[in-house]
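In what follows, a structure is listed as structure tokens, so that the remarks can point back to it.
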Amino acid sequence: MDYIIKIINPKELEKLNPLFTAEDTEKFIKERAERIENRDVDVYVIESDNHFIGEVTIVFNDKRCEDYTIPNRRVYMEGFRVLDEYQNKGIGQYFLSQVVNKIKEQGYSEITIGVADDNENAKHIYSKHGFTEFVRRDPGNEYDPHECNVYLKRL
């Protein structure tokens, strides 16, 4: 099966609804669209048969946590998701490696990612992909109130 990885525009955000668990997806999509338009983020998707099966938001500028991003050097990977029926098939790892390569091609040398304490699968995958340097403990936010550890990957 062929997969397409691309950056989407704000008009395509609603096609991500199956990936979201937030109760207030309308507010989330509006906020995400504003961040895209302000060039604070890019939203990458992996697509199969004209359906988005995964997404990750790359944050270039995060005023909430200054050590997550550093202009022209460090980006933050936010909300990495793959639909349940596509998990445990290597698709998420493929998607992750492709997005990391695209970030490196843009000239960035560091990527951070937050990992919830109870997400053993994600911790294993991110560690395997080089996200091993501890940056800080994060208390969570309105869309994801879970505490997490933030890790760094140097490219």
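Chain labels follow the order of the structure tokens: the first chain is A, the next B, and so on; residue numbering restarts at 1 in every chain, and ligands are counted from 1 in their shown order.
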Excluding range 61-67 of chain A and residues on its chain fewer than 3 positions from it, collect all residues at most 10 Å away from it, counting only C-alpha atoms, and give them as a PyMOL selection string.
chain A and resi 35+38-41+58+70-72+74-76+112+135-136+138+141+150
Identify all residues of range 7-146 of chain A in helix (DSSP H, G or I) (DSSP on the backbone) and supply them as a PDB file with N, CA, C and O atoms, in the first residue's frame.
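Heads up, here's the output in selection-v5.pdb:
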```
ATOM      1  N   PRO A  10      -5.239  24.796   6.460  1.00  0.00           N
ATOM      2  CA  PRO A  10      -6.320  24.864   7.457  1.00  0.00           C
ATOM      3  C   PRO A  10      -7.653  24.287   6.988  1.00  0.00           C
ATOM      4  O   PRO A  10      -8.406  23.746   7.800  1.00  0.00           O
ATOM      5  N   LYS A  11      -7.945  24.360   5.701  1.00  0.00           N
ATOM      6  CA  LYS A  11      -9.223  23.839   5.199  1.00  0.00           C
ATOM      7  C   LYS A  11      -9.317  22.320   5.310  1.00  0.00           C
ATOM      8  O   LYS A  11     -10.404  21.762   5.280  1.00  0.00           O
ATOM      9  N   GLU A  12      -8.185  21.651   5.418  1.00  0.00           N
ATOM     10  CA  GLU A  12      -8.171  20.192   5.504  1.00  0.00           C
ATOM     11  C   GLU A  12      -8.204  19.672   6.944  1.00  0.00           C
ATOM     12  O   GLU A  12      -8.303  18.466   7.154  1.00  0.00           O
ATOM     13  N   LEU A  13      -8.145  20.551   7.920  1.00  0.00           N
ATOM     14  CA  LEU A  13      -8.068  20.119   9.315  1.00  0.00           C
ATOM     15  C   LEU A  13      -9.249  19.261   9.756  1.00  0.00           C
ATOM     16  O   LEU A  13      -9.078  18.333  10.547  1.00  0.00           O
ATOM     17  N   GLU A  14     -10.430  19.537   9.248  1.00  0.00           N
ATOM     18  CA  GLU A  14     -11.602  18.758   9.673  1.00  0.00           C
ATOM     19  C   GLU A  14     -11.492  17.285   9.272  1.00  0.00           C
ATOM     20  O   GLU A  14     -12.120  16.430   9.892  1.00  0.00           O
ATOM     21  N   LYS A  15     -10.676  16.989   8.254  1.00  0.00           N
ATOM     22  CA  LYS A  15     -10.480  15.589   7.857  1.00  0.00           C
ATOM     23  C   LYS A  15      -9.697  14.809   8.914  1.00  0.00           C
ATOM     24  O   LYS A  15      -9.604  13.592   8.840  1.00  0.00           O
ATOM     25  N   LEU A  16      -9.176  15.533   9.922  1.00  0.00           N
ATOM     26  CA  LEU A  16      -8.439  14.882  10.998  1.00  0.00           C
ATOM     27  C   LEU A  16      -9.342  14.435  12.143  1.00  0.00           C
ATOM     28  O   LEU A  16      -8.879  13.780  13.064  1.00  0.00           O
ATOM     29  N   ASN A  17     -10.617  14.786  12.112  1.00  0.00           N
ATOM     30  CA  ASN A  17     -11.524  14.487  13.225  1.00  0.00           C
ATOM     31  C   ASN A  17     -11.442  13.050  13.737  1.00  0.00           C
ATOM     32  O   ASN A  17     -11.481  12.835  14.947  1.00  0.00           O
ATOM     33  N   PRO A  18     -11.333  12.025  12.880  1.00  0.00           N
ATOM     34  CA  PRO A  18     -11.245  10.658  13.417  1.00  0.00           C
ATOM     35  C   PRO A  18     -10.023  10.420  14.306  1.00  0.00           C
ATOM     36  O   PRO A  18     -10.005   9.489  15.100  1.00  0.00           O
ATOM     37  N   LEU A  19      -9.016  11.284  14.194  1.00  0.00           N
ATOM     38  CA  LEU A  19      -7.797  11.116  14.983  1.00  0.00           C
ATOM     39  C   LEU A  19      -7.862  11.804  16.340  1.00  0.00           C
ATOM     40  O   LEU A  19      -7.029  11.549  17.201  1.00  0.00           O
ATOM     41  N   THR A  25     -13.346  19.568  19.709  1.00  0.00           N
ATOM     42  CA  THR A  25     -12.534  19.554  18.491  1.00  0.00           C
ATOM     43  C   THR A  25     -12.707  20.816  17.671  1.00  0.00           C
ATOM     44  O   THR A  25     -11.772  21.240  16.999  1.00  0.00           O
ATOM     45  N   GLU A  26     -13.888  21.434  17.711  1.00  0.00           N
ATOM     46  CA  GLU A  26     -14.099  22.668  16.948  1.00  0.00           C
ATOM     47  C   GLU A  26     -13.153  23.766  17.428  1.00  0.00           C
ATOM     48  O   GLU A  26     -12.513  24.437  16.617  1.00  0.00           O
ATOM     49  N   LYS A  27     -13.029  23.918  18.731  1.00  0.00           N
ATOM     50  CA  LYS A  27     -12.112  24.909  19.298  1.00  0.00           C
ATOM     51  C   LYS A  27     -10.665  24.551  18.946  1.00  0.00           C
ATOM     52  O   LYS A  27      -9.870  25.410  18.586  1.00  0.00           O
ATOM     53  N   PHE A  28     -10.347  23.262  19.057  1.00  0.00           N
ATOM     54  CA  PHE A  28      -8.995  22.800  18.754  1.00  0.00           C
ATOM     55  C   PHE A  28      -8.640  23.085  17.293  1.00  0.00           C
ATOM     56  O   PHE A  28      -7.555  23.578  16.996  1.00  0.00           O
ATOM     57  N   ILE A  29      -9.546  22.783  16.382  1.00  0.00           N
ATOM     58  CA  ILE A  29      -9.291  23.002  14.954  1.00  0.00           C
ATOM     59  C   ILE A  29      -9.140  24.491  14.656  1.00  0.00           C
ATOM     60  O   ILE A  29      -8.259  24.892  13.892  1.00  0.00           O
ATOM     61  N   LYS A  30      -9.966  25.310  15.262  1.00  0.00           N
ATOM     62  CA  LYS A  30      -9.851  26.764  15.061  1.00  0.00           C
ATOM     63  C   LYS A  30      -8.487  27.265  15.540  1.00  0.00           C
ATOM     64  O   LYS A  30      -7.817  28.030  14.838  1.00  0.00           O
ATOM     65  N   GLU A  31      -8.067  26.823  16.711  1.00  0.00           N
ATOM     66  CA  GLU A  31      -6.772  27.220  17.253  1.00  0.00           C
ATOM     67  C   GLU A  31      -5.638  26.739  16.363  1.00  0.00           C
ATOM     68  O   GLU A  31      -4.694  27.452  16.076  1.00  0.00           O
ATOM     69  N   ARG A  32      -5.747  25.497  15.898  1.00  0.00           N
ATOM     70  CA  ARG A  32      -4.701  24.934  15.029  1.00  0.00           C
ATOM     71  C   ARG A  32      -4.631  25.688  13.698  1.00  0.00           C
ATOM     72  O   ARG A  32      -3.559  25.963  13.187  1.00  0.00           O
ATOM     73  N   ALA A  33      -5.782  26.053  13.144  1.00  0.00           N
ATOM     74  CA  ALA A  33      -5.815  26.813  11.887  1.00  0.00           C
ATOM     75  C   ALA A  33      -5.122  28.160  12.062  1.00  0.00           C
ATOM     76  O   ALA A  33      -4.342  28.584  11.188  1.00  0.00           O
ATOM     77  N   GLU A  34      -5.380  28.829  13.174  1.00  0.00           N
ATOM     78  CA  GLU A  34      -4.718  30.114  13.441  1.00  0.00           C
ATOM     79  C   GLU A  34      -3.210  29.944  13.546  1.00  0.00           C
ATOM     80  O   GLU A  34      -2.443  30.768  13.033  1.00  0.00           O
ATOM     81  N   ARG A  35      -2.781  28.866  14.185  1.00  0.00           N
ATOM     82  CA  ARG A  35      -1.340  28.617  14.330  1.00  0.00           C
ATOM     83  C   ARG A  35      -0.696  28.314  12.978  1.00  0.00           C
ATOM     84  O   ARG A  35       0.445  28.703  12.736  1.00  0.00           O
ATOM     85  N   ILE A  36      -1.420  27.628  12.086  1.00  0.00           N
ATOM     86  CA  ILE A  36      -0.898  27.390  10.734  1.00  0.00           C
ATOM     87  C   ILE A  36      -0.767  28.714   9.995  1.00  0.00           C
ATOM     88  O   ILE A  36       0.259  28.999   9.380  1.00  0.00           O
ATOM     89  N   GLU A  37      -1.825  29.518  10.040  1.00  0.00           N
ATOM     90  CA  GLU A  37      -1.818  30.799   9.328  1.00  0.00           C
ATOM     91  C   GLU A  37      -0.742  31.744   9.851  1.00  0.00           C
ATOM     92  O   GLU A  37      -0.170  32.519   9.086  1.00  0.00           O
ATOM     93  N   ASP A  84      -6.056   3.718  15.266  1.00  0.00           N
ATOM     94  CA  ASP A  84      -5.852   2.426  15.929  1.00  0.00           C
ATOM     95  C   ASP A  84      -5.647   1.273  14.955  1.00  0.00           C
ATOM     96  O   ASP A  84      -4.769   0.440  15.141  1.00  0.00           O
ATOM     97  N   GLU A  85      -6.462   1.223  13.904  1.00  0.00           N
ATOM     98  CA  GLU A  85      -6.381   0.079  12.990  1.00  0.00           C
ATOM     99  C   GLU A  85      -5.097   0.051  12.150  1.00  0.00           C
ATOM    100  O   GLU A  85      -4.801  -0.942  11.492  1.00  0.00           O
ATOM    101  N   TYR A  86      -4.309   1.128  12.198  1.00  0.00           N
ATOM    102  CA  TYR A  86      -3.045   1.186  11.469  1.00  0.00           C
ATOM    103  C   TYR A  86      -1.845   1.062  12.400  1.00  0.00           C
ATOM    104  O   TYR A  86      -0.701   1.115  11.946  1.00  0.00           O
ATOM    105  N   ILE A  91       3.706   1.538  10.435  1.00  0.00           N
ATOM    106  CA  ILE A  91       3.311   2.766   9.734  1.00  0.00           C
ATOM    107  C   ILE A  91       3.700   3.997  10.540  1.00  0.00           C
ATOM    108  O   ILE A  91       4.218   4.968   9.988  1.00  0.00           O
ATOM    109  N   GLY A  92       3.474   3.962  11.842  1.00  0.00           N
ATOM    110  CA  GLY A  92       3.834   5.098  12.689  1.00  0.00           C
ATOM    111  C   GLY A  92       5.331   5.356  12.681  1.00  0.00           C
ATOM    112  O   GLY A  92       5.771   6.506  12.607  1.00  0.00           O
ATOM    113  N   GLN A  93       6.120   4.283  12.732  1.00  0.00           N
ATOM    114  CA  GLN A  93       7.577   4.448  12.698  1.00  0.00           C
ATOM    115  C   GLN A  93       8.037   5.000  11.348  1.00  0.00           C
ATOM    116  O   GLN A  93       8.920   5.854  11.283  1.00  0.00           O
ATOM    117  N   TYR A  94       7.422   4.527  10.277  1.00  0.00           N
ATOM    118  CA  TYR A  94       7.734   5.047   8.948  1.00  0.00           C
ATOM    119  C   TYR A  94       7.386   6.532   8.873  1.00  0.00           C
ATOM    120  O   TYR A  94       8.190   7.350   8.415  1.00  0.00           O
ATOM    121  N   PHE A  95       6.196   6.884   9.333  1.00  0.00           N
ATOM    122  CA  PHE A  95       5.736   8.267   9.331  1.00  0.00           C
ATOM    123  C   PHE A  95       6.684   9.145  10.155  1.00  0.00           C
ATOM    124  O   PHE A  95       7.129  10.207   9.702  1.00  0.00           O
ATOM    125  N   LEU A  96       7.038   8.682  11.342  1.00  0.00           N
ATOM    126  CA  LEU A  96       7.948   9.417  12.209  1.00  0.00           C
ATOM    127  C   LEU A  96       9.288   9.666  11.520  1.00  0.00           C
ATOM    128  O   LEU A  96       9.785  10.800  11.490  1.00  0.00           O
ATOM    129  N   SER A  97       9.871   8.637  10.933  1.00  0.00           N
ATOM    130  CA  SER A  97      11.182   8.800  10.294  1.00  0.00           C
ATOM    131  C   SER A  97      11.107   9.739   9.095  1.00  0.00           C
ATOM    132  O   SER A  97      12.024  10.534   8.862  1.00  0.00           O
ATOM    133  N   GLN A  98      10.016   9.690   8.339  1.00  0.00           N
ATOM    134  CA  GLN A  98       9.869  10.580   7.179  1.00  0.00           C
ATOM    135  C   GLN A  98       9.734  12.044   7.611  1.00  0.00           C
ATOM    136  O   GLN A  98      10.326  12.937   7.005  1.00  0.00           O
ATOM    137  N   VAL A  99       8.960  12.293   8.668  1.00  0.00           N
ATOM    138  CA  VAL A  99       8.793  13.666   9.152  1.00  0.00           C
ATOM    139  C   VAL A  99      10.118  14.181   9.724  1.00  0.00           C
ATOM    140  O   VAL A  99      10.512  15.317   9.461  1.00  0.00           O
ATOM    141  N   VAL A 100      10.831  13.343  10.459  1.00  0.00           N
ATOM    142  CA  VAL A 100      12.139  13.747  10.997  1.00  0.00           C
ATOM    143  C   VAL A 100      13.069  14.126   9.851  1.00  0.00           C
ATOM    144  O   VAL A 100      13.770  15.150   9.912  1.00  0.00           O
ATOM    145  N   ASN A 101      13.069  13.343   8.784  1.00  0.00           N
ATOM    146  CA  ASN A 101      13.919  13.666   7.624  1.00  0.00           C
ATOM    147  C   ASN A 101      13.525  14.994   6.997  1.00  0.00           C
ATOM    148  O   ASN A 101      14.393  15.780   6.589  1.00  0.00           O
ATOM    149  N   LYS A 102      12.231  15.266   6.903  1.00  0.00           N
ATOM    150  CA  LYS A 102      11.773  16.529   6.320  1.00  0.00           C
ATOM    151  C   LYS A 102      12.189  17.719   7.182  1.00  0.00           C
ATOM    152  O   LYS A 102      12.573  18.765   6.660  1.00  0.00           O
ATOM    153  N   ILE A 103      12.152  17.554   8.495  1.00  0.00           N
ATOM    154  CA  ILE A 103      12.578  18.618   9.407  1.00  0.00           C
ATOM    155  C   ILE A 103      14.080  18.866   9.244  1.00  0.00           C
ATOM    156  O   ILE A 103      14.535  20.017   9.199  1.00  0.00           O
ATOM    157  N   LYS A 104      14.829  17.802   9.143  1.00  0.00           N
ATOM    158  CA  LYS A 104      16.284  17.931   8.948  1.00  0.00           C
ATOM    159  C   LYS A 104      16.587  18.639   7.631  1.00  0.00           C
ATOM    160  O   LYS A 104      17.461  19.512   7.564  1.00  0.00           O
ATOM    161  N   GLU A 105      15.855  18.293   6.571  1.00  0.00           N
ATOM    162  CA  GLU A 105      16.038  18.948   5.268  1.00  0.00           C
ATOM    163  C   GLU A 105      15.753  20.444   5.331  1.00  0.00           C
ATOM    164  O   GLU A 105      16.304  21.209   4.545  1.00  0.00           O
ATOM    165  N   GLU A 120       3.960   3.352  27.289  1.00  0.00           N
ATOM    166  CA  GLU A 120       5.186   2.564  27.132  1.00  0.00           C
ATOM    167  C   GLU A 120       5.553   2.333  25.667  1.00  0.00           C
ATOM    168  O   GLU A 120       6.720   2.360  25.296  1.00  0.00           O
ATOM    169  N   ASN A 121       4.546   2.097  24.818  1.00  0.00           N
ATOM    170  CA  ASN A 121       4.802   1.866  23.403  1.00  0.00           C
ATOM    171  C   ASN A 121       5.460   3.096  22.770  1.00  0.00           C
ATOM    172  O   ASN A 121       6.458   2.977  22.060  1.00  0.00           O
ATOM    173  N   ALA A 122       4.908   4.285  23.034  1.00  0.00           N
ATOM    174  CA  ALA A 122       5.465   5.512  22.469  1.00  0.00           C
ATOM    175  C   ALA A 122       6.873   5.760  23.006  1.00  0.00           C
ATOM    176  O   ALA A 122       7.773   6.126  22.243  1.00  0.00           O
ATOM    177  N   LYS A 123       7.081   5.538  24.311  1.00  0.00           N
ATOM    178  CA  LYS A 123       8.419   5.750  24.882  1.00  0.00           C
ATOM    179  C   LYS A 123       9.440   4.851  24.182  1.00  0.00           C
ATOM    180  O   LYS A 123      10.546   5.287  23.868  1.00  0.00           O
ATOM    181  N   HIS A 124       9.055   3.606  23.929  1.00  0.00           N
ATOM    182  CA  HIS A 124       9.955   2.672  23.254  1.00  0.00           C
ATOM    183  C   HIS A 124      10.274   3.142  21.829  1.00  0.00           C
ATOM    184  O   HIS A 124      11.435   3.161  21.409  1.00  0.00           O
ATOM    185  N   ILE A 125       9.240   3.529  21.091  1.00  0.00           N
ATOM    186  CA  ILE A 125       9.433   3.960  19.695  1.00  0.00           C
ATOM    187  C   ILE A 125      10.283   5.223  19.621  1.00  0.00           C
ATOM    188  O   ILE A 125      11.229   5.309  18.834  1.00  0.00           O
ATOM    189  N   TYR A 126       9.966   6.212  20.459  1.00  0.00           N
ATOM    190  CA  TYR A 126      10.725   7.464  20.406  1.00  0.00           C
ATOM    191  C   TYR A 126      12.170   7.249  20.821  1.00  0.00           C
ATOM    192  O   TYR A 126      13.086   7.808  20.219  1.00  0.00           O
ATOM    193  N   SER A 127      12.396   6.434  21.822  1.00  0.00           N
ATOM    194  CA  SER A 127      13.762   6.121  22.245  1.00  0.00           C
ATOM    195  C   SER A 127      14.526   5.441  21.111  1.00  0.00           C
ATOM    196  O   SER A 127      15.680   5.779  20.823  1.00  0.00           O
ATOM    197  N   LYS A 128      13.873   4.507  20.459  1.00  0.00           N
ATOM    198  CA  LYS A 128      14.465   3.784  19.329  1.00  0.00           C
ATOM    199  C   LYS A 128      14.851   4.744  18.196  1.00  0.00           C
ATOM    200  O   LYS A 128      15.817   4.514  17.482  1.00  0.00           O
TER     201      LYS A 128
END
```
In range 43-100 of chain A, what's strand (DSSP E) per DSSP? Answer as a PyMOL selection string?
chain A and resi 43-48+51-59+74-82
Between CA of Arg73 in chain A and CA of Glu133 in chain A, what is the spacing in Å?
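Rounded to one decimal, the two atoms are 15.9 Å apart.
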Contacts of His51 in chain A at 10 Å or less, counting only C-alpha atoms, minus same-chain residues fewer than 2 places along, as a PyMOL selection string?
chain A and resi 4+15-16+18+45-49+53-54
Separation of CA of Tyr108 in chain A from CA of Val59 in chain A, in Å and rounded to one decimal
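Separation between CA of Tyr108 in chain A and CA of Val59 in chain A: 11.9 Å.
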So, with only C-alpha atoms as the atoms that count, which of A:Glu147, A:Glu78, A:Asp2, A:Glu55 lies closest to Asn119 in chain A?
A:Glu147
Hey, can you check how far CA of Ser109 in chain A sits from CA of Phe134 in chain A?
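If I compute the distance from CA of Ser109 in chain A to CA of Phe134 in chain A, I get 16.2 Å.
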